[in-house]
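Peer 1: One structure is given below, represented as structure tokens, and several questions about it will come after.
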Amino acid sequence: MSRLLLDQGLAPQAAAILRQRGVDAVHVSAIGMERAEDAQILARARHGGRVCITPDHDFHTHLAMTGDGRPSVVLLRVQGLDAQAQADLIQLVCAECESALEGGAAVSADRNNIRVRRLPLR
């Protein structure tokens, strides 16, 4: 499974749950980036070889505008999930999209659907 960087809109506890399951996951608050701009978070994910997990639509927009092929970004289109449910969904999406995420992808997911677009976005 991919190495993950969870954005501020997700529960820090979700990263802890994923780590308990053997997933290399870190929350932006754990590395002092809780107030970082989207571009900074994407750069950190890219340089650290991590997939960025976010509830923020702006990350896909940023990838489209820059034409970057990395990092892969998973947009979770859900609200109101507790940390356990977030971790469950993240793990499911990453398992189902593993090869796409390794190759560079923009993924959108909710509880019922997963949509994958290869990077760079055009």
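In the structure tokens, the first chain shown is A, the next is B, and so on; residue numbers restart at 1 for each chain, and ligands run from 1 in the order shown.
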Pick out the residues sitting within 12 Å of Thr66 in chain A, and hand them over as a PyMOL selection string; count only C-alpha atoms, and ignore anything fewer than 5 positions along from it in its own chain.

Peer 2: chain A and resi 39+42-43+59-61+71+119-122

Peer 1: Pull N, CA and C atoms from the residues just selected and write them as a compact mmCIF listing (two decimals), in the first residue's frame.

Peer 2:
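Full text of selection.txt as output:
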# COMPACT_ATOMS: atom_id res chain seq x y z
N ALA A 39 -0.40 23.97 -2.18
CA ALA A 39 0.81 23.71 -2.99
C ALA A 39 1.95 23.19 -2.12
N LEU A 42 1.13 19.53 -1.31
CA LEU A 42 1.38 18.70 -2.49
C LEU A 42 2.88 18.50 -2.71
N ALA A 43 3.66 19.55 -2.52
CA ALA A 43 5.12 19.44 -2.67
C ALA A 43 5.70 18.48 -1.65
N PHE A 59 -7.22 20.59 -4.42
CA PHE A 59 -6.02 19.82 -4.75
C PHE A 59 -6.07 19.31 -6.19
N HIS A 60 -7.22 18.82 -6.62
CA HIS A 60 -7.35 18.37 -8.01
C HIS A 60 -7.23 19.56 -8.97
N THR A 61 -7.80 20.68 -8.59
CA THR A 61 -7.69 21.89 -9.41
C THR A 61 -6.23 22.29 -9.54
N PRO A 71 2.10 14.56 -6.88
CA PRO A 71 1.77 13.28 -6.29
C PRO A 71 0.35 12.85 -6.67
N LEU A 119 -2.77 11.00 -14.11
CA LEU A 119 -2.06 12.29 -14.15
C LEU A 119 -1.05 12.26 -15.29
N PRO A 120 -0.74 13.39 -15.88
CA PRO A 120 -1.27 14.71 -15.54
C PRO A 120 -2.68 14.93 -16.06
N LEU A 121 -3.42 15.76 -15.33
CA LEU A 121 -4.77 16.13 -15.76
C LEU A 121 -4.68 17.16 -16.86
N ARG A 122 -5.58 17.08 -17.81
CA ARG A 122 -5.60 18.04 -18.90
C ARG A 122 -6.96 18.64 -19.04

Peer 1: Nearest to Leu89 in chain A among A:Ala30, A:Ile53, A:Leu101, A:Ala106, with distances taken over only C-alpha atoms: which residue is it?

Peer 2: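 Using only C-alpha atoms, Leu89 in chain A sits closest to A:Ile53.
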
Peer 1: Per DSSP on the backbone, filter chain A down to the residues in strand (DSSP E or B) and report them as a list in words.

Peer 2: Arg3, Leu4, Leu5, Leu6, Ala25, Val26, His27, Arg50, Val51, Cys52, Ile53, Thr54, Val73, Val74, Leu75, Leu76, Ala105, Ala106, Val107, Ser108, Ala109, Ile114, Arg115, Val116, Arg117 and Arg118 of chain A

Peer 1: Would you mind telling me which residue in A:Ala105, A:Val78, A:Val26, A:Leu18 lies nearest to Leu6 in chain A when using only C-alpha atoms?

Peer 2: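 Smallest distance to Leu6 in chain A is found for A:Val26.
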
Peer 1: Which residues are close to His27 in chain A, i.e. within 8 Å by only C-alpha atoms, leaving aside same-chain residues fewer than 5 positions away? Reply as an mmCIF file with N, CA and C atoms, in the first residue's frame.

Peer 2:
data_model
loop_
_atom_site.group_PDB
_atom_site.id
_atom_site.type_symbol
_atom_site.label_atom_id
_atom_site.label_comp_id
_atom_site.auth_asym_id
_atom_site.auth_seq_id
_atom_site.Cartn_x
_atom_site.Cartn_y
_atom_site.Cartn_z
ATOM 1 N N LEU A 5 -0.236 10.898 3.058
ATOM 2 C CA LEU A 5 -0.206 12.164 3.781
ATOM 3 C C LEU A 5 -1.648 12.662 3.855
ATOM 4 N N LEU A 6 -2.211 12.718 5.058
ATOM 5 C CA LEU A 6 -3.595 13.137 5.251
ATOM 6 C C LEU A 6 -3.654 14.630 5.494
ATOM 7 N N ASP A 7 -4.536 15.291 4.782
ATOM 8 C CA ASP A 7 -4.717 16.737 4.857
ATOM 9 C C ASP A 7 -5.475 17.125 6.126
ATOM 10 N N GLN A 8 -5.461 18.409 6.413
ATOM 11 C CA GLN A 8 -6.038 18.973 7.627
ATOM 12 C C GLN A 8 -7.519 18.669 7.805
ATOM 13 N N PRO A 12 -6.810 13.599 12.549
ATOM 14 C CA PRO A 12 -5.483 13.052 12.845
ATOM 15 C C PRO A 12 -5.558 11.607 13.336
ATOM 16 N N ALA A 15 -5.129 8.833 10.711
ATOM 17 C CA ALA A 15 -3.748 8.439 10.400
ATOM 18 C C ALA A 15 -3.240 7.454 11.444
#

Peer 1: Could you pull out all residues of range 10-120 of chain A with a DSSP call of helix (DSSP H, G or I) and give them as an MDAnalysis selection string?

Peer 2: chainID A and resid 12:20 28:31 38:47 58:66 83:96 98:103

Peer 1: Would you output that residue set with C-alpha atoms, as a short mmCIF file (atom, residue, chain, number, x, y, z; two decimals), in the first residue's frame?

Peer 2:
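Writing done, so here's result_8.cif:
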data_model
loop_
_atom_site.label_atom_id
_atom_site.label_comp_id
_atom_site.auth_asym_id
_atom_site.auth_seq_id
_atom_site.Cartn_x
_atom_site.Cartn_y
_atom_site.Cartn_z
CA PRO A 12 -5.48 13.05 12.84
CA GLN A 13 -6.78 9.90 14.53
CA ALA A 14 -7.49 8.42 11.07
CA ALA A 15 -3.75 8.44 10.40
CA ALA A 16 -3.14 6.77 13.77
CA ILE A 17 -5.70 4.05 12.97
CA LEU A 18 -4.07 3.44 9.59
CA ARG A 19 -0.64 3.18 11.23
CA GLN A 20 -2.04 0.60 13.68
CA VAL A 28 -0.20 17.20 8.25
CA SER A 29 -0.60 18.31 11.88
CA ALA A 30 2.03 15.79 12.95
CA ILE A 31 4.64 17.45 10.74
CA ASP A 38 -2.25 23.34 -0.74
CA ALA A 39 0.81 23.71 -2.99
CA GLN A 40 3.12 23.20 0.01
CA ILE A 41 1.26 20.06 1.05
CA LEU A 42 1.38 18.70 -2.49
CA ALA A 43 5.12 19.44 -2.67
CA ARG A 44 5.71 17.65 0.62
CA ALA A 45 3.73 14.63 -0.59
CA ARG A 46 5.62 14.59 -3.91
CA HIS A 47 9.06 14.85 -2.30
CA ASP A 58 -8.72 22.50 -4.63
CA PHE A 59 -6.02 19.82 -4.75
CA HIS A 60 -7.35 18.37 -8.01
CA THR A 61 -7.69 21.89 -9.41
CA HIS A 62 -4.08 22.60 -8.49
CA LEU A 63 -2.91 19.42 -10.25
CA ALA A 64 -4.88 20.38 -13.36
CA MET A 65 -3.46 23.92 -13.42
CA THR A 66 0.15 22.84 -12.93
CA ALA A 83 -11.87 8.81 12.23
CA GLN A 84 -12.61 5.08 12.02
CA ALA A 85 -14.87 5.49 8.97
CA GLN A 86 -12.32 7.81 7.33
CA ALA A 87 -9.56 5.24 7.85
CA ASP A 88 -11.78 2.46 6.49
CA LEU A 89 -12.62 4.43 3.34
CA ILE A 90 -9.02 5.55 2.79
CA GLN A 91 -7.78 1.98 3.08
CA LEU A 92 -10.46 0.68 0.72
CA VAL A 93 -9.78 3.34 -1.93
CA CYS A 94 -6.00 2.89 -1.75
CA ALA A 95 -6.31 -0.89 -2.05
CA GLU A 96 -8.67 -0.69 -5.04
CA GLU A 98 -3.12 0.90 -5.81
CA SER A 99 -1.64 0.57 -9.31
CA ALA A 100 -3.19 3.85 -10.48
CA LEU A 101 -1.89 5.68 -7.41
CA GLU A 102 1.60 4.30 -7.99
CA GLY A 103 1.52 5.60 -11.57
#

Peer 1: Would you work out the distance separating CA of Ile114 in chain A from CA of Glu37 in chain A, expressed in Å to one decimal?

Peer 2: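 Calculated distance between CA of Ile114 in chain A and CA of Glu37 in chain A is 25.9 Å.
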
Peer 1: Find the residues near Gly49 in chain A: any atom within 9 Å, counting only C-alpha atoms, skip ones fewer than 6 places away on the same chain, and give them as an NGL selection string.

Peer 2: :A and (2-4 or 70-71)

Peer 1: When you look at Pro55 in chain A with a cut-off of 7 Å (counting only C-alpha atoms), what residues show up, excluding the ones that are within fewer than 2 positions of it in the same chain? I need them as a VMD selection string.

Peer 2: chain A and resid 9 57 75 to 77

Peer 1: Given the choices A:Arg117, A:Asn112, A:Leu10, A:Gly104, which gets closest to Asp68 in chain A if the distance is worked out from only C-alpha atoms?

Peer 2: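 Of A:Arg117, A:Asn112, A:Leu10, A:Gly104, the one nearest Asp68 in chain A is A:Gly104, counting only C-alpha atoms.
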
Peer 1: Could you please determine the separation between CA of Val107 in chain A and CA of Gly22 in chain A in Å, to one decimal place?

Peer 2: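 Pair CA of Val107 in chain A / CA of Gly22 in chain A returns 22.1 Å.
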